[in-house]
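Source file: entry.cif; contents: mmCIF, C-alpha atoms and all ligand atoms.
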```cif
data_entry
#
loop_
_atom_site.label_atom_id
_atom_site.label_comp_id
_atom_site.auth_asym_id
_atom_site.auth_seq_id
_atom_site.Cartn_x
_atom_site.Cartn_y
_atom_site.Cartn_z
CA MET A 1 -17.71 -14.43 22.86
CA MET A 2 -14.31 -15.38 21.48
CA ASP A 3 -14.31 -18.72 19.65
CA ASN A 4 -10.95 -20.32 20.43
CA ARG A 5 -11.47 -23.34 18.19
CA THR A 6 -9.05 -23.67 15.26
CA ASP A 7 -10.53 -22.44 11.99
CA LEU A 8 -9.98 -25.04 9.28
CA ILE A 9 -10.38 -22.46 6.51
CA GLY A 10 -7.03 -21.31 5.21
CA LEU A 11 -5.05 -24.36 6.34
CA SER A 12 -2.95 -25.88 3.59
CA ARG A 13 -3.39 -29.57 2.90
CA ALA A 14 -0.16 -30.22 4.82
CA GLU A 15 -1.43 -28.24 7.82
CA LEU A 16 -4.78 -29.99 7.74
CA THR A 17 -2.95 -33.33 7.62
CA ALA A 18 -0.96 -32.36 10.72
CA GLU A 19 -4.17 -31.24 12.45
CA MET A 20 -5.76 -34.63 11.78
CA ALA A 21 -2.62 -36.48 12.88
CA ALA A 22 -2.72 -34.57 16.17
CA MET A 23 -6.25 -35.90 16.67
CA GLY A 24 -5.03 -39.43 15.96
CA GLU A 25 -6.90 -39.51 12.65
CA LYS A 26 -5.73 -41.05 9.39
CA SER A 27 -4.80 -38.94 6.38
CA PHE A 28 -7.85 -39.94 4.30
CA ARG A 29 -9.82 -37.66 6.65
CA VAL A 30 -8.08 -34.75 4.97
CA LYS A 31 -9.58 -35.65 1.61
CA GLN A 32 -13.05 -36.03 3.14
CA LEU A 33 -12.90 -32.77 5.04
CA TRP A 34 -11.50 -30.88 2.08
CA HIS A 35 -14.43 -32.10 0.01
CA TRP A 36 -16.99 -30.93 2.58
CA ILE A 37 -15.35 -27.58 3.24
CA TYR A 38 -14.24 -26.48 -0.22
CA TYR A 39 -16.32 -28.52 -2.65
CA ARG A 40 -19.63 -28.41 -0.79
CA GLY A 41 -19.11 -25.23 1.20
CA GLU A 42 -20.38 -26.87 4.37
CA THR A 43 -19.72 -25.02 7.63
CA ASP A 44 -21.58 -27.32 10.04
CA PHE A 45 -19.71 -30.47 11.04
CA ALA A 46 -23.02 -32.11 11.99
CA ALA A 47 -24.05 -32.02 8.31
CA MET A 48 -20.88 -33.77 7.12
CA THR A 49 -22.66 -37.07 6.97
CA THR A 50 -19.90 -39.18 5.41
CA LEU A 51 -17.90 -38.73 8.63
CA SER A 52 -18.64 -40.84 11.70
CA LYS A 53 -20.74 -39.21 14.42
CA GLU A 54 -17.92 -39.57 16.89
CA PHE A 55 -15.40 -37.85 14.59
CA ARG A 56 -17.86 -35.04 13.85
CA ARG A 57 -18.35 -34.48 17.57
CA LYS A 58 -14.60 -34.41 18.21
CA LEU A 59 -14.08 -32.00 15.30
CA ALA A 60 -16.74 -29.60 16.49
CA GLY A 61 -15.14 -29.43 19.93
CA LEU A 62 -11.77 -28.37 18.59
CA HIS A 63 -12.45 -26.80 15.21
CA ARG A 64 -14.75 -24.64 13.22
CA VAL A 65 -15.27 -23.75 9.58
CA GLY A 66 -15.44 -19.98 9.75
CA ARG A 67 -16.41 -17.08 7.57
CA PRO A 68 -15.43 -13.43 7.97
CA ALA A 69 -18.27 -11.33 9.41
CA VAL A 70 -20.18 -9.28 6.85
CA SER A 71 -20.24 -5.64 7.99
CA GLU A 72 -21.96 -4.49 4.84
CA HIS A 73 -23.25 -6.04 1.63
CA GLN A 74 -24.24 -3.69 -1.16
CA VAL A 75 -25.73 -4.51 -4.55
CA SER A 76 -25.26 -2.04 -7.38
CA ARG A 77 -27.87 -1.06 -9.97
CA ASP A 78 -25.75 -3.05 -12.46
CA ARG A 79 -25.91 -6.15 -10.17
CA SER A 80 -22.29 -5.96 -9.07
CA MET A 81 -21.85 -6.54 -5.37
CA LYS A 82 -19.51 -5.26 -2.74
CA TRP A 83 -18.83 -6.68 0.68
CA LEU A 84 -17.16 -5.01 3.59
CA LEU A 85 -15.86 -7.88 5.68
CA ARG A 86 -14.74 -7.69 9.29
CA PHE A 87 -12.02 -9.99 10.53
CA GLU A 88 -11.40 -11.23 14.07
CA ASP A 89 -9.29 -8.27 15.13
CA GLY A 90 -12.00 -5.89 13.89
CA LYS A 91 -10.04 -4.80 10.80
CA GLU A 92 -11.99 -4.61 7.57
CA ALA A 93 -11.43 -5.13 3.86
CA GLU A 94 -13.65 -5.03 0.79
CA SER A 95 -14.28 -7.48 -2.00
CA VAL A 96 -16.36 -7.15 -5.15
CA PHE A 97 -18.25 -9.50 -7.47
CA LEU A 98 -18.83 -8.45 -11.08
CA PRO A 99 -21.38 -10.77 -12.69
CA GLU A 100 -21.84 -10.99 -16.42
CA GLU A 101 -24.40 -12.95 -18.43
CA ASP A 102 -22.98 -16.42 -17.82
CA ARG A 103 -19.82 -15.81 -15.82
CA GLY A 104 -18.32 -13.36 -13.39
CA ALA A 105 -15.15 -12.11 -11.76
CA PHE A 106 -14.54 -12.01 -8.05
CA CYS A 107 -12.18 -9.24 -7.00
CA MET A 108 -10.27 -10.02 -3.82
CA SER A 109 -8.29 -7.88 -1.40
CA SER A 110 -4.85 -8.99 -0.25
CA GLN A 111 -4.25 -6.36 2.43
CA VAL A 112 -6.20 -4.03 4.68
CA GLY A 113 -5.24 -0.76 2.96
CA CYS A 114 -1.99 -0.54 1.02
CA THR A 115 1.50 0.63 1.97
CA LEU A 116 2.00 2.12 -1.48
CA THR A 117 0.66 5.55 -2.23
CA CYS A 118 -0.27 5.70 -5.90
CA ARG A 119 -1.74 9.14 -6.26
CA PHE A 120 -4.89 8.14 -8.13
CA CYS A 121 -5.87 5.32 -5.73
CA HIS A 122 -8.24 5.63 -2.79
CA THR A 123 -6.86 2.53 -1.05
CA GLY A 124 -3.43 4.18 -1.08
CA THR A 125 -4.75 6.94 1.20
CA GLN A 126 -5.71 4.45 3.90
CA THR A 127 -3.30 4.71 6.79
CA LEU A 128 -4.37 1.54 8.50
CA VAL A 129 -2.50 -1.31 6.85
CA ARG A 130 -1.92 -4.96 7.53
CA ASN A 131 -1.53 -8.10 5.47
CA LEU A 132 -4.49 -10.43 5.17
CA SER A 133 -3.93 -14.07 6.06
CA ALA A 134 -4.63 -16.88 3.59
CA ALA A 135 -7.71 -17.71 5.67
CA GLU A 136 -8.99 -14.16 5.33
CA MET A 137 -8.47 -14.19 1.57
CA VAL A 138 -10.09 -17.58 1.05
CA GLY A 139 -12.84 -16.40 3.43
CA GLN A 140 -13.70 -13.52 1.08
CA LEU A 141 -14.37 -15.96 -1.72
CA MET A 142 -16.33 -18.34 0.52
CA VAL A 143 -18.67 -15.51 1.54
CA ALA A 144 -19.28 -14.61 -2.11
CA ARG A 145 -19.98 -18.24 -3.04
CA ASP A 146 -22.41 -18.49 -0.08
CA VAL A 147 -24.33 -15.44 -1.33
CA ILE A 148 -24.35 -16.52 -4.98
CA GLY A 149 -25.38 -20.00 -3.82
CA GLU A 150 -22.67 -21.71 -5.79
CA TRP A 151 -22.16 -24.89 -3.75
CA PRO A 152 -21.20 -27.58 -4.47
CA SER A 153 -18.50 -26.21 -6.80
CA PRO A 154 -20.01 -26.59 -10.29
CA PRO A 155 -17.59 -28.14 -12.82
CA ASP A 156 -18.58 -25.58 -15.44
CA GLY A 157 -21.11 -22.86 -16.12
CA ARG A 158 -20.17 -21.05 -12.92
CA MET A 159 -21.18 -17.49 -12.16
CA LEU A 160 -18.07 -16.96 -10.06
CA SER A 161 -15.78 -18.18 -12.82
CA ASN A 162 -12.75 -15.92 -12.43
CA VAL A 163 -10.72 -14.51 -9.57
CA VAL A 164 -8.77 -11.27 -9.80
CA LEU A 165 -6.42 -9.90 -7.14
CA MET A 166 -7.34 -6.30 -7.82
CA GLY A 167 -8.96 -5.27 -4.57
CA MET A 168 -7.26 -3.53 -1.69
CA GLY A 169 -3.54 -3.98 -1.28
CA GLU A 170 -0.44 -4.99 -3.18
CA PRO A 171 -0.57 -8.80 -3.42
CA LEU A 172 3.16 -9.17 -4.03
CA PHE A 173 3.92 -7.46 -0.70
CA ASN A 174 2.02 -10.31 0.95
CA TYR A 175 3.33 -13.05 -1.28
CA ASP A 176 3.41 -16.03 1.10
CA GLN A 177 -0.18 -15.68 2.25
CA VAL A 178 -1.40 -14.88 -1.27
CA ALA A 179 0.36 -17.99 -2.60
CA LYS A 180 -1.13 -20.12 0.16
CA ALA A 181 -4.63 -18.79 -0.51
CA LEU A 182 -4.29 -19.33 -4.26
CA HIS A 183 -3.13 -22.92 -3.78
CA ILE A 184 -6.30 -23.57 -1.79
CA ILE A 185 -8.49 -21.83 -4.38
CA MET A 186 -6.83 -23.72 -7.27
CA ASP A 187 -7.01 -27.15 -5.57
CA GLY A 188 -8.89 -29.44 -7.98
CA GLU A 189 -10.80 -31.27 -5.23
CA GLY A 190 -12.28 -28.13 -3.77
CA ILE A 191 -13.03 -24.68 -5.15
CA ALA A 192 -11.01 -25.57 -8.25
CA VAL A 193 -10.60 -22.26 -10.04
CA SER A 194 -7.79 -22.93 -12.52
CA LYS A 195 -4.73 -20.71 -12.73
CA ARG A 196 -5.86 -19.69 -16.21
CA ARG A 197 -8.85 -17.99 -14.60
CA ILE A 198 -6.89 -16.19 -11.91
CA THR A 199 -5.22 -12.83 -12.51
CA LEU A 200 -2.84 -11.16 -10.11
CA SER A 201 -2.45 -7.42 -10.51
CA THR A 202 0.70 -5.77 -9.24
CA SER A 203 2.12 -2.28 -9.15
CA GLY A 204 5.40 -3.90 -10.21
CA VAL A 205 7.28 -5.59 -7.36
CA VAL A 206 9.91 -6.98 -9.71
CA PRO A 207 11.61 -9.71 -7.60
CA MET A 208 8.25 -11.12 -6.58
CA ILE A 209 6.96 -11.23 -10.17
CA ARG A 210 9.62 -13.87 -10.82
CA ARG A 211 8.50 -15.99 -7.88
CA CYS A 212 4.87 -15.58 -8.79
CA GLY A 213 5.57 -16.85 -12.30
CA ALA A 214 7.63 -19.81 -11.18
CA GLU A 215 5.43 -20.95 -8.29
CA LEU A 216 1.86 -19.92 -9.15
CA GLY A 217 1.73 -19.42 -12.91
CA VAL A 218 -1.42 -17.29 -12.73
CA ASN A 219 -2.16 -14.55 -15.28
CA LEU A 220 -0.23 -11.38 -14.70
CA ALA A 221 -1.57 -7.84 -14.86
CA ILE A 222 0.77 -4.90 -14.43
CA SER A 223 -0.44 -1.49 -13.30
CA LEU A 224 1.60 0.56 -15.74
CA HIS A 225 -0.30 3.86 -16.01
CA ALA A 226 2.59 5.80 -17.55
CA ALA A 227 5.10 5.27 -20.36
CA THR A 228 8.03 7.24 -18.94
CA ASP A 229 9.87 6.83 -15.65
CA GLU A 230 9.48 10.52 -14.95
CA LEU A 231 5.68 10.40 -15.01
CA ARG A 232 5.35 6.90 -13.54
CA SER A 233 7.50 7.80 -10.54
CA ARG A 234 5.26 10.80 -9.92
CA LEU A 235 2.06 8.73 -10.10
CA MET A 236 3.42 5.55 -8.53
CA PRO A 237 6.33 5.99 -6.11
CA ILE A 238 7.27 2.29 -6.40
CA ASN A 239 8.64 3.11 -9.86
CA LYS A 240 11.64 4.77 -8.19
CA LYS A 241 12.62 1.38 -6.83
CA TYR A 242 11.66 -0.73 -9.86
CA PRO A 243 11.74 1.46 -12.97
CA ILE A 244 10.02 0.62 -16.25
CA ALA A 245 12.97 -1.13 -17.96
CA GLU A 246 13.39 -3.55 -15.04
CA LEU A 247 9.67 -4.15 -14.90
CA MET A 248 9.57 -4.97 -18.61
CA ARG A 249 12.49 -7.37 -18.18
CA ALA A 250 10.54 -9.25 -15.48
CA CYS A 251 7.52 -9.36 -17.81
CA ARG A 252 9.61 -10.73 -20.65
CA GLU A 253 10.79 -13.53 -18.37
CA TYR A 254 7.32 -14.35 -17.07
CA PRO A 255 6.60 -17.99 -17.92
CA GLY A 256 3.91 -18.67 -20.46
CA ALA A 257 4.20 -15.12 -21.71
CA HIS A 258 3.42 -16.10 -25.27
CA ASN A 259 0.56 -15.04 -27.44
CA ALA A 260 -2.03 -17.32 -25.90
CA ARG A 261 -1.32 -15.89 -22.46
CA ARG A 262 -0.57 -12.28 -22.81
CA ILE A 263 0.33 -9.96 -19.97
CA THR A 264 -2.29 -7.33 -19.28
CA PHE A 265 -1.11 -3.76 -18.86
CA GLU A 266 -3.55 -1.70 -16.88
CA TYR A 267 -3.60 1.97 -17.72
CA VAL A 268 -5.78 4.41 -15.82
CA MET A 269 -6.91 7.28 -18.03
CA LEU A 270 -6.08 10.59 -16.35
CA LYS A 271 -7.21 13.73 -18.14
CA GLY A 272 -4.29 15.80 -19.40
CA VAL A 273 -1.78 13.67 -17.48
CA ASN A 274 -1.11 10.46 -19.41
CA ASP A 275 -3.69 10.42 -22.22
CA SER A 276 -2.07 12.12 -25.24
CA PRO A 277 -1.34 10.40 -28.58
CA ALA A 278 2.37 10.80 -27.76
CA ASP A 279 1.80 8.86 -24.52
CA ALA A 280 0.10 6.07 -26.49
CA ARG A 281 2.95 5.87 -29.00
CA GLU A 282 5.52 5.80 -26.20
CA LEU A 283 3.54 2.99 -24.57
CA VAL A 284 3.79 0.93 -27.75
CA ARG A 285 7.54 1.43 -27.67
CA VAL A 286 7.75 0.36 -23.99
CA VAL A 287 5.99 -3.00 -24.48
CA ARG A 288 7.54 -3.78 -27.87
CA GLY A 289 8.38 -7.49 -28.19
CA LEU A 290 6.11 -8.49 -25.31
CA PRO A 291 2.93 -10.55 -25.64
CA ALA A 292 0.83 -7.71 -24.31
CA LYS A 293 -2.73 -6.45 -24.17
CA PHE A 294 -3.96 -3.28 -22.58
CA ASN A 295 -6.82 -2.56 -20.28
CA LEU A 296 -7.70 1.11 -20.31
CA ILE A 297 -9.42 1.98 -17.03
CA PRO A 298 -11.47 5.17 -16.90
CA PHE A 299 -10.25 6.96 -13.77
CA ASN A 300 -12.75 6.44 -10.97
CA PRO A 301 -12.97 9.53 -8.82
CA TRP A 302 -13.25 9.35 -5.05
CA PRO A 303 -13.87 12.10 -2.52
CA GLY A 304 -10.85 14.38 -2.54
CA SER A 305 -9.07 12.85 -5.56
CA GLU A 306 -6.96 15.28 -7.56
CA PHE A 307 -7.52 13.83 -11.06
CA GLU A 308 -10.27 13.74 -13.64
CA CYS A 309 -11.07 11.00 -16.10
CA SER A 310 -10.10 11.58 -19.74
CA ALA A 311 -12.98 12.45 -22.06
CA PRO A 312 -14.48 9.53 -24.02
CA PRO A 313 -13.15 10.66 -27.44
CA VAL A 314 -9.67 11.03 -25.94
CA MET A 315 -9.83 7.49 -24.56
CA LYS A 316 -11.06 6.23 -27.93
CA ARG A 317 -8.21 7.90 -29.76
CA PHE A 318 -5.73 6.43 -27.25
CA SER A 319 -7.22 2.97 -27.65
CA GLY A 320 -7.14 3.36 -31.46
CA ILE A 321 -3.39 4.07 -31.50
CA LEU A 322 -2.73 0.92 -29.47
CA ASN A 323 -5.03 -1.09 -31.74
CA ASP A 324 -3.26 0.20 -34.85
CA ALA A 325 0.01 -1.05 -33.35
CA GLY A 326 -1.58 -4.50 -33.05
CA TYR A 327 -2.64 -4.53 -29.40
CA SER A 328 -6.03 -5.19 -27.94
CA ALA A 329 -6.89 -2.18 -25.76
CA PRO A 330 -10.52 -2.12 -24.64
CA ILE A 331 -11.77 0.70 -22.46
CA ARG A 332 -13.02 -1.00 -19.34
CA VAL A 333 -16.67 -0.47 -18.51
CA THR A 334 -16.88 1.08 -15.08
CA ARG A 335 -19.11 -1.02 -12.87
CA GLY A 336 -20.45 -0.63 -9.38
CA ALA A 337 -19.67 3.08 -9.35
CA ASP A 338 -22.87 3.81 -7.37
CA ILE A 339 -21.62 1.66 -4.50
CA MET A 340 -17.98 2.81 -4.77
CA ALA A 341 -17.00 -0.66 -5.91
CA ALA A 342 -14.99 0.38 -8.97
CA CYS A 343 -11.26 -0.12 -9.40
CA GLY A 344 -9.17 1.91 -7.02
CA GLN A 345 -12.14 3.13 -5.00
CA LEU A 346 -11.98 0.50 -2.29
CA LYS A 347 -11.22 1.75 1.15
CA SER A 348 -12.70 0.33 4.30
CA ALA A 349 -15.88 2.11 5.30
CA SER A 350 -14.88 2.03 8.95
CA GLU A 351 -11.92 4.23 8.17
CA ARG A 352 -14.04 6.55 6.01
CA GLN A 353 -16.56 6.91 8.82
CA ARG A 354 -13.94 7.31 11.50
CA LYS A 355 -12.35 10.07 9.48
CA SER A 356 -15.62 11.88 8.90
CA ARG A 357 -16.61 11.61 12.57
CA TYR A 358 -13.24 13.05 13.47
CA LEU A 359 -13.66 15.90 11.00
CA ALA A 360 -17.17 16.57 12.29
CA ARG A 361 -15.84 16.83 15.84
CA LEU A 362 -13.06 19.14 14.73
CA GLU A 363 -15.59 21.41 13.05
CA ALA A 364 -17.71 21.37 16.20
CA GLY A 365 -14.63 22.42 18.16
CA ILE A 366 -14.49 19.19 20.19
CA GLU A 367 -10.89 18.37 20.88
CA ASP A 368 -11.00 15.16 22.88
CA ASP A 369 -9.00 12.56 21.05
CA HIS A 370 -10.26 9.28 22.35
CA GLU A 371 -11.00 8.38 18.76
CA ALA A 372 -7.79 9.62 17.24
CA PHE A 373 -7.22 9.92 13.54
CA PRO A 374 -5.23 8.63 11.72
CA PRO A 375 -6.74 5.45 13.14
CA ASN A 376 -3.43 3.60 13.42
CA ALA A 377 -2.16 6.24 15.83
CA ASN A 378 -3.79 4.42 18.75
N1 LIG A 401 -2.17 -3.08 -5.86
C1 LIG A 401 -2.42 -3.76 -7.08
C2 LIG A 401 -3.82 -4.31 -7.21
C3 LIG A 401 -4.97 -3.46 -6.74
S1 LIG A 401 -5.45 -2.03 -7.66
C4 LIG A 401 -2.10 -2.86 -8.25
O1 LIG A 401 -1.89 -1.68 -8.06
O2 LIG A 401 -2.04 -3.38 -9.36
C5 LIG A 401 -6.33 -2.60 -9.10
C6 LIG A 401 -6.19 -1.64 -10.29
O3 LIG A 401 -6.95 -0.43 -10.09
C7 LIG A 401 -4.76 -1.18 -10.51
O4 LIG A 401 -4.46 -1.20 -11.88
C8 LIG A 401 -4.81 0.23 -9.99
O5 LIG A 401 -3.75 0.99 -10.49
C9 LIG A 401 -6.16 0.69 -10.47
N2 LIG A 401 -6.67 1.91 -9.83
C10 LIG A 401 -6.31 2.43 -8.64
N3 LIG A 401 -7.00 3.56 -8.38
C11 LIG A 401 -7.82 3.76 -9.44
C12 LIG A 401 -8.82 4.74 -9.75
N4 LIG A 401 -9.11 5.71 -8.89
N5 LIG A 401 -9.48 4.64 -10.91
C13 LIG A 401 -9.22 3.60 -11.76
N6 LIG A 401 -8.32 2.64 -11.51
C14 LIG A 401 -7.61 2.71 -10.37
FE1 LIG A 402 -1.74 0.07 -3.61
FE2 LIG A 402 -2.47 -0.77 -6.05
FE3 LIG A 402 -3.66 1.35 -4.90
FE4 LIG A 402 -1.14 1.55 -5.74
S1 LIG A 402 -2.95 1.19 -7.02
S2 LIG A 402 -1.94 2.29 -3.77
S3 LIG A 402 -0.36 -0.48 -5.28
S4 LIG A 402 -3.74 -0.74 -4.19
#
```

What does this structure look like when you write it as structure tokens?
Amino acid sequence: MMDNRTDLIGLSRAELTAEMAAMGEKSFRVKQLWHWIYYRGETDFAAMTTLSKEFRRKLAGLHRVGRPAVSEHQVSRDRSMKWLLRFEDGKEAESVFLPEEDRGAFCMSSQVGCTLTCRFCHTGTQTLVRNLSAAEMVGQLMVARDVIGEWPSPPDGRMLSNVVLMGMGEPLFNYDQVAKALHIIMDGEGIAVSKRRITLSTSGVVPMIRRCGAELGVNLAISLHAATDELRSRLMPINKKYPIAELMRACREYPGAHNARRITFEYVMLKGVNDSPADARELVRVVRGLPAKFNLIPFNPWPGSEFECSAPPVMKRFSGILNDAGYSAPIRVTRGADIMAACGQLKSASERQRKSRYLARLEAGIEDDHEAFPPNAN
């Protein structure tokens, strides 16, 4: 059954204020509701005991506090978790939680699939693409907090301490909804994850990097992956539109880009492609003058990928050259590989299954196409 009530999750404070005004309620209701929804994680109006019974009854008739449906929840041997969430139109996206001893990062998706086609990325092969709404992004985090049991929002000592936009999609191609979601997540009276603990990763959408810096001020991570335009354009087609020099200019102008808040350059280690000492030295030249640190990501293979990960000694040598030039350059520990939760491996399972069912039918010689692939063809 379709629930036609308005979901309060994902409304900005201004929208929630308008919603209350339309009910003839005063604006202090917004503060109360915000507290219940985002500080306490409550989804049942009946349990919001600081509100009058009459108001709770009226709210429940018109509104709900929703969560995306969980299609799948997997826990890796290393305790990282992956969710496949299903939204109201049936589309799906994945999110990942990477717990450490006393903290943890939640990795959010900003789109279903991605319109970009970086050659090493599984998400980039997904043909079904749409933007996620602010509600759907905030919803991902709410589900994770429900599972971890982290309500009410602890002031410190949280397990879900950091948020990274490194899941499916290019966040800066969905800027408005991403910004709206982040404002909700950063709001000090609710979930209250500070901008210092939020990192947005982009393939390099230059004009939007400026807006992101001015309006959100979160940490910036750039998917660089190559030190020359020739190679980067081959690996990441967006480089043809925003080449390395322009990208570096935007980084230089990013506010707060001083030593305390360095920009992270992500670099996926591809065997024989971008992992030579000459590549490392060129990389040092590219970021010269920038408050930079590197994050070397071992390439995570996925079914059908054309690359291999560089050998460990090769990655070490690469990291060493960057270190000698004065940059931090840890080799990221791959986590959640057994549940395909590692960087760049996310792709909705529904599309994987649909594709394999289609291939199975093809092999069996069945040609009916009532479940056509690519899935967005119908
Ligand atoms: N679209 C954004 C954020 C999502 S991808 C971006 O590209 O930055 C998060 C990180 O994973 C990016 O640095 C991306 O380049 C990297 N990545 C993609 N595929 C990968 C793979 N197969 N192995 C390792 N890292 C990968
Ligand atoms: Fe999209 Fe990022 Fe994957 Fe490139 S690496 S296809 S931008 S999700």

Give me, as CSV, each residue of chain A that comes within 8 Å of ligand LIG 401 (chain A), together with its shortest interatomic pair and the distance in Å at one decimal, counting all atoms listed in the file, with rows ordered by chain and rising residue number.
```
residue,atom,partner,partner_atom,distance
A:Ser109,CA,A:LIG401,C3,7.7
A:Cys114,CA,A:LIG401,N1,7.3
A:Leu116,CA,A:LIG401,N1,8.0
A:Cys118,CA,A:LIG401,C10,7.4
A:Arg119,CA,A:LIG401,N3,8.0
A:Phe120,CA,A:LIG401,N4,4.9
A:Cys121,CA,A:LIG401,N3,3.4
A:His122,CA,A:LIG401,N3,6.1
A:Thr123,CA,A:LIG401,N3,7.4
A:Leu165,CA,A:LIG401,C2,6.2
A:Met166,CA,A:LIG401,C3,3.9
A:Gly167,CA,A:LIG401,C3,4.9
A:Met168,CA,A:LIG401,C3,5.5
A:Gly169,CA,A:LIG401,N1,4.9
A:Glu170,CA,A:LIG401,N1,3.7
A:Pro171,CA,A:LIG401,N1,6.4
A:Leu200,CA,A:LIG401,C2,7.5
A:Ser201,CA,A:LIG401,O2,4.2
A:Thr202,CA,A:LIG401,O2,3.6
A:Ser203,CA,A:LIG401,O1,4.2
A:Gly204,CA,A:LIG401,O2,7.5
A:Ala221,CA,A:LIG401,O2,7.1
A:Ile222,CA,A:LIG401,O2,6.0
A:Ser223,CA,A:LIG401,O4,4.3
A:Leu224,CA,A:LIG401,O4,7.4
A:His225,CA,A:LIG401,O5,7.1
A:Glu266,CA,A:LIG401,O4,5.1
A:Tyr267,CA,A:LIG401,O4,6.7
A:Val268,CA,A:LIG401,N6,5.3
A:Met269,CA,A:LIG401,C13,7.6
A:Ile297,CA,A:LIG401,C13,5.5
A:Pro298,CA,A:LIG401,C13,5.8
A:Phe299,CA,A:LIG401,N5,3.8
A:Asn300,CA,A:LIG401,N5,3.7
A:Pro301,CA,A:LIG401,N4,5.4
A:Trp302,CA,A:LIG401,N4,6.7
A:Ser305,CA,A:LIG401,N4,7.9
A:Ala342,CA,A:LIG401,C13,7.2
A:Cys343,CA,A:LIG401,O3,4.4
A:Gly344,CA,A:LIG401,N3,3.0
A:Gln345,CA,A:LIG401,N4,5.6
```

Please save C-alpha atoms of the selected residues as a short mmCIF file (atom, residue, chain, number, x, y, z; two decimals), in the frame of the given file.
```cif
data_model
loop_
_atom_site.label_atom_id
_atom_site.label_comp_id
_atom_site.auth_asym_id
_atom_site.auth_seq_id
_atom_site.Cartn_x
_atom_site.Cartn_y
_atom_site.Cartn_z
CA SER A 109 -8.29 -7.88 -1.40
CA CYS A 114 -1.99 -0.54 1.02
CA LEU A 116 2.00 2.12 -1.48
CA CYS A 118 -0.27 5.70 -5.90
CA ARG A 119 -1.74 9.14 -6.26
CA PHE A 120 -4.89 8.14 -8.13
CA CYS A 121 -5.87 5.32 -5.73
CA HIS A 122 -8.24 5.63 -2.79
CA THR A 123 -6.86 2.53 -1.05
CA LEU A 165 -6.42 -9.90 -7.14
CA MET A 166 -7.34 -6.30 -7.82
CA GLY A 167 -8.96 -5.27 -4.57
CA MET A 168 -7.26 -3.53 -1.69
CA GLY A 169 -3.54 -3.98 -1.28
CA GLU A 170 -0.44 -4.99 -3.18
CA PRO A 171 -0.57 -8.80 -3.42
CA LEU A 200 -2.84 -11.16 -10.11
CA SER A 201 -2.45 -7.42 -10.51
CA THR A 202 0.70 -5.77 -9.24
CA SER A 203 2.12 -2.28 -9.15
CA GLY A 204 5.40 -3.90 -10.21
CA ALA A 221 -1.57 -7.84 -14.86
CA ILE A 222 0.77 -4.90 -14.43
CA SER A 223 -0.44 -1.49 -13.30
CA LEU A 224 1.60 0.56 -15.74
CA HIS A 225 -0.30 3.86 -16.01
CA GLU A 266 -3.55 -1.70 -16.88
CA TYR A 267 -3.60 1.97 -17.72
CA VAL A 268 -5.78 4.41 -15.82
CA MET A 269 -6.91 7.28 -18.03
CA ILE A 297 -9.42 1.98 -17.03
CA PRO A 298 -11.47 5.17 -16.90
CA PHE A 299 -10.25 6.96 -13.77
CA ASN A 300 -12.75 6.44 -10.97
CA PRO A 301 -12.97 9.53 -8.82
CA TRP A 302 -13.25 9.35 -5.05
CA SER A 305 -9.07 12.85 -5.56
CA ALA A 342 -14.99 0.38 -8.97
CA CYS A 343 -11.26 -0.12 -9.40
CA GLY A 344 -9.17 1.91 -7.02
CA GLN A 345 -12.14 3.13 -5.00
#
```

So that I can see what lies close to Arg56 of chain A, please list as a ChimeraX atom specification the residues with an atom at most 12 Å from it, counting all atoms listed in the file and leaving out residues fewer than 3 positions away in the same chain.
/A:23,25,29,32-33,43-53,59-64

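Taking atom CA of Glu101 of chain A and atom CA of Arg158 of chain A as the two end points, the separation is 10.7 Å.
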
List the neighbours of Asp89 of chain A out to 12 Å using all atoms listed in the file; skip same-chain residues closer than 3 positions along the sequence, and give me the result as a ChimeraX atom specification.
/A:2,68-69,85-86,92-93,112,130,132,136

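Candidate residues A:Lys26, A:His35, A:Arg252, A:Arg232 were compared for distance to ligand LIG 402 (chain A), and the nearest is A:Arg232, using only C-alpha atoms and all ligand atoms.
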
Residue among A:Glu246, A:Glu42, A:Glu189, A:Asp3 lying closest to Val205 of chain A, counting only C-alpha atoms
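Selected residue with least distance to Val205 of chain A: A:Glu246.
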
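Relative to atom CA of Leu160 of chain A, atom CA of Ser348 of chain A is found at 23.1 Å.
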
Calculate how many Å separate atom CA of Pro291 of chain A from atom CA of Arg262 of chain A, rounding to one decimal.
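These two atoms are separated by 4.8 Å.
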